[in-house]
Structures are given as structure tokens and as C-alpha cells.
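These notes are about the structure you will find just below.
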Amino acid sequence: MMHNHVLRSVRYMLDLSEGQLIEILKTTGTPVSPEVMSRYLKKEDEEGYMEVPDEVMANFLNGLISFKRGKDDRFPAPEVEKRLTNNIMLKKLRVAFELKTEDMISVLTAADFKVSEGELSAFFRKEGHKNYRPCGDQVMRYFLKGLTAKVRPKKG
């Protein structure tokens, strides 16, 4: 999935400013200028759009975990993935928002996407495991939609 879409979704979901996104990245040792962040947040068809590289997105999600849960010096910083898949992003979002299996199923159900516990656990298996299943873009979109509805309920 486009990392830019995930970045924009998390920004909207948590009502974060561009400056806060930059600060989250800075905590991981990844400096991003305001101009570059602005380009990351543009839509694909807008002038000046720039794709978020895997390493920047991995660092953002690691920083989001610290931002949401607090930094724990007892644990070393997680290894930064060179290639970021939807499965890895789903795992990191699950950790950041402290979601259990039941929570994940409820988030997806809220977005009108039915998934069983077994299907969901297949996304969290190691690649190469016989029950591993790649997380498609559609599942990520439904997950982000459902998580946004949970984190940022509509007013009124």
C-alpha cells in the first residue's frame, strides 16, 4: 500500500500537525524537513507529490509506537526494515494502538470487512510460514477506515 496513504490516515486519525509528524520522525533519528513532509502528505495526483520511502515509513511507525505508548529505555529501538510490507505496517499499527485480536476484528468489522481470527493471525505470521498470508491493500484500507472510526468517532 502507498505509505503516503497510511501517513495521511494516521495524521487525520490522531489530528496531528505536520510539525508533530516531523517530531515523531525526529525521535527515531530521521530528520525530515517541513518541505519534504509537505510533499509526503500530498495526494498522488498533486504537483510536488513525493513517495515516502520504506525506511522513513518504518521509522515513523516505530516513532508512533513510542509516541502512543511512551518510550521504554529497557527495550532497544526496533530494527528498521529496509522493505516495508502491509503486514509489517499492520503489526506496527497494532502495537502502537495496543490492539488485541478481538480489537482488530472489531475495527475491521466496523469498516464492513469480515475477517476470522484465523485469517487475521495469518497476517502476523512470519513470511515463509505455511499459514502466512500477505495483507492486501484493501485490508489495509478497511483497517485504517475502521481504526479512524474507533479513534476519531464522528461528532453529532
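All residue names refer to the C-alpha cells as shown: chains lettered A, B, ... in order, residues numbered from 1 in each chain, ligands numbered from 1 in order.
For Gly63 (chain A), the non-local neighbours within 8 Å, defined as residues at least 5 positions apart in the same chain or in other chains and counting only C-alpha atoms, are Ile24, Leu25, Thr27 and Thr28 of chain A.
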List as a CSV table (one decimal) with N, CA, C and O atoms, in the first residue's frame the protein and nucleic acid residues near Val107 (chain A), meaning an atom at most 7 Å away when only C-alpha atoms are counted, but skip any in the same chain fewer than 6 places from it.
```
chain,number,residue,atom,x,y,z
A,143,PHE,N,-8.8,-1.5,7.4
A,143,PHE,CA,-8.3,-1.4,8.8
A,143,PHE,C,-8.1,0.1,9.1
A,143,PHE,O,-8.6,0.5,10.2
A,146,GLY,N,-11.6,1.6,9.7
A,146,GLY,CA,-12.2,1.2,11.0
A,146,GLY,C,-11.5,1.8,12.2
A,146,GLY,O,-12.1,2.2,13.2
A,147,LEU,N,-10.1,1.8,12.1
A,147,LEU,CA,-9.4,2.4,13.2
A,147,LEU,C,-9.7,3.9,13.4
A,147,LEU,O,-9.8,4.4,14.5
```
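Taking only C-alpha atoms into account, Ser38 (chain A) lies nearest to A:Gly19 out of the set A:Pro53, A:Gly128, A:Gly19, A:Gly70.
Residues in contact range of Glu51 (chain A), defined as at most 8 Å between only C-alpha atoms, with sequence neighbours fewer than 3 positions away removed, read Met2, His3, Asn4 and Tyr40 of chain A.
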Write the residues you've just listed into a file as an mmCIF file, in the first residue's frame, and include all heavy atoms for each of them.
```
data_model
loop_
_atom_site.group_PDB
_atom_site.id
_atom_site.type_symbol
_atom_site.label_atom_id
_atom_site.label_comp_id
_atom_site.auth_asym_id
_atom_site.auth_seq_id
_atom_site.Cartn_x
_atom_site.Cartn_y
_atom_site.Cartn_z
ATOM 1 N N MET A 2 0.370 2.280 -0.501
ATOM 2 C CA MET A 2 1.122 3.521 -0.525
ATOM 3 C C MET A 2 1.371 3.992 0.916
ATOM 4 O O MET A 2 0.420 4.195 1.673
ATOM 5 C CB MET A 2 0.346 4.588 -1.289
ATOM 6 C CG MET A 2 0.073 4.242 -2.735
ATOM 7 S SD MET A 2 1.558 4.165 -3.724
ATOM 8 C CE MET A 2 1.988 5.872 -3.764
ATOM 9 N N HIS A 3 2.626 4.158 1.243
ATOM 10 C CA HIS A 3 2.977 4.617 2.584
ATOM 11 C C HIS A 3 2.379 5.998 2.850
ATOM 12 O O HIS A 3 2.013 6.317 3.975
ATOM 13 C CB HIS A 3 4.489 4.686 2.756
ATOM 14 C CG HIS A 3 5.178 3.368 2.528
ATOM 15 N ND1 HIS A 3 4.574 2.149 2.693
ATOM 16 C CD2 HIS A 3 6.440 3.096 2.155
ATOM 17 C CE1 HIS A 3 5.426 1.188 2.437
ATOM 18 N NE2 HIS A 3 6.575 1.734 2.097
ATOM 19 N N ASN A 4 2.278 6.801 1.791
ATOM 20 C CA ASN A 4 1.733 8.150 1.940
ATOM 21 C C ASN A 4 0.292 8.099 2.449
ATOM 22 O O ASN A 4 -0.104 8.908 3.276
ATOM 23 C CB ASN A 4 1.778 8.892 0.599
ATOM 24 C CG ASN A 4 3.170 8.987 0.041
ATOM 25 O OD1 ASN A 4 3.790 7.958 -0.238
ATOM 26 N ND2 ASN A 4 3.684 10.181 -0.108
ATOM 27 N N TYR A 40 5.241 14.682 1.190
ATOM 28 C CA TYR A 40 4.775 13.339 1.547
ATOM 29 C C TYR A 40 3.256 13.324 1.732
ATOM 30 O O TYR A 40 2.596 12.327 1.470
ATOM 31 C CB TYR A 40 5.408 12.859 2.854
ATOM 32 C CG TYR A 40 6.864 12.460 2.792
ATOM 33 C CD1 TYR A 40 7.623 12.421 3.959
ATOM 34 C CD2 TYR A 40 7.499 12.114 1.605
ATOM 35 C CE1 TYR A 40 8.958 12.048 3.946
ATOM 36 C CE2 TYR A 40 8.831 11.744 1.579
ATOM 37 C CZ TYR A 40 9.561 11.712 2.756
ATOM 38 O OH TYR A 40 10.875 11.347 2.739
#
```
task = Report the distance between CA of Glu18 (chain A) and CA of Asp54 (chain A) in Å, rounded to one decimal place.
result = 18.9 Å
request  = Check the DSSP output for the backbone and give back, as a ChimeraX atom specification, the residues of chain A in helix (DSSP H, G or I).
outcome  = /A:3-14,18-26,34-40,54-69,86-96,101-110,117-123,137-151
Sorted per-residue table, region 45-104 of chain A near region 136-142 of chain A, closest atoms and distance, 10 Å, only C-alpha atoms, as CSV:
```
residue,atom,partner,partner_atom,distance
A:Thr85,CA,A:Gly136,CA,9.4
A:Asn86,CA,A:Gly136,CA,6.8
A:Asn87,CA,A:Gly136,CA,8.4
A:Met89,CA,A:Met140,CA,8.8
A:Leu90,CA,A:Met140,CA,7.3
```
Would you save the residues from that selection as a short mmCIF file (atom, residue, chain, number, x, y, z; two decimals), in the first residue's frame, using C-alpha atoms?
```
data_model
loop_
_atom_site.label_atom_id
_atom_site.label_comp_id
_atom_site.auth_asym_id
_atom_site.auth_seq_id
_atom_site.Cartn_x
_atom_site.Cartn_y
_atom_site.Cartn_z
CA THR A 85 5.08 -4.58 3.61
CA ASN A 86 1.44 -4.12 4.57
CA ASN A 87 1.88 -6.99 7.05
CA MET A 89 2.73 -1.86 8.87
CA LEU A 90 -0.32 -3.70 10.24
#
```
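Counting only C-alpha atoms and comparing A:Leu14, A:Val80, A:Leu144, A:Ile88, the residue that lies closest to Met104 (chain A) is A:Leu144.
In terms of minimum interatomic distance to Lys26 (chain A), A:Leu64 ranks closest within A:Leu120, A:Thr101, A:Leu64, A:Lys43, counting only C-alpha atoms.
Of the listed residues (A:Glu98, A:Lys42, A:Ala110, A:Pro78), A:Ala110 comes nearest to Pro153 (chain A); the distances count only C-alpha atoms.
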Test item: residues at most 12 Å from Tyr132 (chain A), only C-alpha atoms, excluding those fewer than 4 positions along its chain, as a PDB file with all heavy atoms, in the first residue's frame:
```
ATOM      1  N   ASN A  87       1.900  -6.156   5.845  1.00  0.00           N
ATOM      2  CA  ASN A  87       1.883  -6.989   7.046  1.00  0.00           C
ATOM      3  C   ASN A  87       2.679  -6.324   8.173  1.00  0.00           C
ATOM      4  O   ASN A  87       2.231  -6.289   9.319  1.00  0.00           O
ATOM      5  CB  ASN A  87       2.464  -8.375   6.756  1.00  0.00           C
ATOM      6  CG  ASN A  87       1.636  -9.150   5.765  1.00  0.00           C
ATOM      7  OD1 ASN A  87       1.471  -8.720   4.631  1.00  0.00           O
ATOM      8  ND2 ASN A  87       1.118 -10.287   6.185  1.00  0.00           N
ATOM      9  N   GLY A 118      -8.557 -16.719  12.503  1.00  0.00           N
ATOM     10  CA  GLY A 118      -7.516 -17.447  11.771  1.00  0.00           C
ATOM     11  C   GLY A 118      -6.969 -16.647  10.595  1.00  0.00           C
ATOM     12  O   GLY A 118      -5.766 -16.625  10.356  1.00  0.00           O
ATOM     13  N   GLU A 119      -7.878 -16.003   9.853  1.00  0.00           N
ATOM     14  CA  GLU A 119      -7.439 -15.178   8.724  1.00  0.00           C
ATOM     15  C   GLU A 119      -6.570 -14.019   9.210  1.00  0.00           C
ATOM     16  O   GLU A 119      -5.556 -13.685   8.599  1.00  0.00           O
ATOM     17  CB  GLU A 119      -8.646 -14.610   7.969  1.00  0.00           C
ATOM     18  CG  GLU A 119      -9.436 -15.655   7.196  1.00  0.00           C
ATOM     19  CD  GLU A 119     -10.741 -15.107   6.654  1.00  0.00           C
ATOM     20  OE1 GLU A 119     -11.456 -14.386   7.382  1.00  0.00           O
ATOM     21  OE2 GLU A 119     -11.047 -15.404   5.489  1.00  0.00           O
ATOM     22  N   LEU A 120      -6.990 -13.415  10.321  1.00  0.00           N
ATOM     23  CA  LEU A 120      -6.239 -12.283  10.870  1.00  0.00           C
ATOM     24  C   LEU A 120      -4.858 -12.725  11.344  1.00  0.00           C
ATOM     25  O   LEU A 120      -3.856 -12.072  11.066  1.00  0.00           O
ATOM     26  CB  LEU A 120      -7.014 -11.634  12.021  1.00  0.00           C
ATOM     27  CG  LEU A 120      -6.398 -10.391  12.627  1.00  0.00           C
ATOM     28  CD1 LEU A 120      -6.319  -9.263  11.604  1.00  0.00           C
ATOM     29  CD2 LEU A 120      -7.200  -9.933  13.833  1.00  0.00           C
ATOM     30  N   SER A 121      -4.793 -13.849  12.042  1.00  0.00           N
ATOM     31  CA  SER A 121      -3.495 -14.305  12.558  1.00  0.00           C
ATOM     32  C   SER A 121      -2.519 -14.642  11.429  1.00  0.00           C
ATOM     33  O   SER A 121      -1.306 -14.536  11.597  1.00  0.00           O
ATOM     34  CB  SER A 121      -3.655 -15.496  13.501  1.00  0.00           C
ATOM     35  OG  SER A 121      -4.019 -16.654  12.787  1.00  0.00           O
ATOM     36  N   ALA A 122      -3.052 -14.997  10.255  1.00  0.00           N
ATOM     37  CA  ALA A 122      -2.192 -15.306   9.109  1.00  0.00           C
ATOM     38  C   ALA A 122      -1.389 -14.076   8.673  1.00  0.00           C
ATOM     39  O   ALA A 122      -0.278 -14.202   8.168  1.00  0.00           O
ATOM     40  CB  ALA A 122      -3.029 -15.831   7.945  1.00  0.00           C
ATOM     41  N   PHE A 123      -1.932 -12.876   8.892  1.00  0.00           N
ATOM     42  CA  PHE A 123      -1.216 -11.644   8.537  1.00  0.00           C
ATOM     43  C   PHE A 123      -0.011 -11.404   9.448  1.00  0.00           C
ATOM     44  O   PHE A 123       0.914 -10.698   9.080  1.00  0.00           O
ATOM     45  CB  PHE A 123      -2.131 -10.420   8.616  1.00  0.00           C
ATOM     46  CG  PHE A 123      -3.278 -10.440   7.654  1.00  0.00           C
ATOM     47  CD1 PHE A 123      -4.546 -10.059   8.062  1.00  0.00           C
ATOM     48  CD2 PHE A 123      -3.102 -10.814   6.327  1.00  0.00           C
ATOM     49  CE1 PHE A 123      -5.611 -10.056   7.180  1.00  0.00           C
ATOM     50  CE2 PHE A 123      -4.170 -10.814   5.425  1.00  0.00           C
ATOM     51  CZ  PHE A 123      -5.422 -10.433   5.864  1.00  0.00           C
ATOM     52  N   PHE A 124      -0.045 -11.978  10.649  1.00  0.00           N
ATOM     53  CA  PHE A 124       1.014 -11.736  11.625  1.00  0.00           C
ATOM     54  C   PHE A 124       2.050 -12.860  11.683  1.00  0.00           C
ATOM     55  O   PHE A 124       2.976 -12.800  12.474  1.00  0.00           O
ATOM     56  CB  PHE A 124       0.403 -11.480  13.010  1.00  0.00           C
ATOM     57  CG  PHE A 124      -0.498 -10.285  13.016  1.00  0.00           C
ATOM     58  CD1 PHE A 124      -1.868 -10.423  13.113  1.00  0.00           C
ATOM     59  CD2 PHE A 124       0.028  -9.008  12.888  1.00  0.00           C
ATOM     60  CE1 PHE A 124      -2.698  -9.322  13.082  1.00  0.00           C
ATOM     61  CE2 PHE A 124      -0.791  -7.892  12.858  1.00  0.00           C
ATOM     62  CZ  PHE A 124      -2.156  -8.052  12.952  1.00  0.00           C
ATOM     63  N   ARG A 125       1.884 -13.860  10.838  1.00  0.00           N
ATOM     64  CA  ARG A 125       2.861 -14.944  10.767  1.00  0.00           C
ATOM     65  C   ARG A 125       4.109 -14.464  10.045  1.00  0.00           C
ATOM     66  O   ARG A 125       4.079 -13.503   9.294  1.00  0.00           O
ATOM     67  CB  ARG A 125       2.275 -16.131  10.003  1.00  0.00           C
ATOM     68  CG  ARG A 125       1.009 -16.661  10.603  1.00  0.00           C
ATOM     69  CD  ARG A 125       1.271 -17.921  11.313  1.00  0.00           C
ATOM     70  NE  ARG A 125       0.023 -18.442  11.846  1.00  0.00           N
ATOM     71  CZ  ARG A 125      -0.103 -18.845  13.085  1.00  0.00           C
ATOM     72  NH1 ARG A 125       0.911 -18.803  13.910  1.00  0.00           N
ATOM     73  NH2 ARG A 125      -1.243 -19.321  13.518  1.00  0.00           N
ATOM     74  N   LYS A 126       5.192 -15.197  10.255  1.00  0.00           N
ATOM     75  CA  LYS A 126       6.436 -14.890   9.550  1.00  0.00           C
ATOM     76  C   LYS A 126       6.298 -15.280   8.091  1.00  0.00           C
ATOM     77  O   LYS A 126       5.713 -16.313   7.773  1.00  0.00           O
ATOM     78  CB  LYS A 126       7.580 -15.701  10.181  1.00  0.00           C
ATOM     79  CG  LYS A 126       8.659 -14.863  10.736  1.00  0.00           C
ATOM     80  CD  LYS A 126       9.818 -15.694  11.201  1.00  0.00           C
ATOM     81  CE  LYS A 126      10.836 -14.700  11.678  1.00  0.00           C
ATOM     82  NZ  LYS A 126      11.698 -15.153  12.670  1.00  0.00           N
ATOM     83  N   GLU A 127       6.854 -14.434   7.227  1.00  0.00           N
ATOM     84  CA  GLU A 127       6.835 -14.757   5.804  1.00  0.00           C
ATOM     85  C   GLU A 127       7.555 -16.093   5.620  1.00  0.00           C
ATOM     86  O   GLU A 127       8.614 -16.311   6.184  1.00  0.00           O
ATOM     87  CB  GLU A 127       7.529 -13.649   5.010  1.00  0.00           C
ATOM     88  CG  GLU A 127       7.098 -13.588   3.580  1.00  0.00           C
ATOM     89  CD  GLU A 127       7.514 -12.322   2.869  1.00  0.00           C
ATOM     90  OE1 GLU A 127       7.891 -11.346   3.535  1.00  0.00           O
ATOM     91  OE2 GLU A 127       7.469 -12.345   1.634  1.00  0.00           O
ATOM     92  N   GLY A 128       6.958 -16.985   4.857  1.00  0.00           N
ATOM     93  CA  GLY A 128       7.534 -18.312   4.677  1.00  0.00           C
ATOM     94  C   GLY A 128       6.818 -19.363   5.512  1.00  0.00           C
ATOM     95  O   GLY A 128       6.902 -20.549   5.220  1.00  0.00           O
TER      96      GLY A 128
END
```
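Between CA of Lys82 (chain A) and CA of Leu99 (chain A) lies a distance of 24.8 Å.
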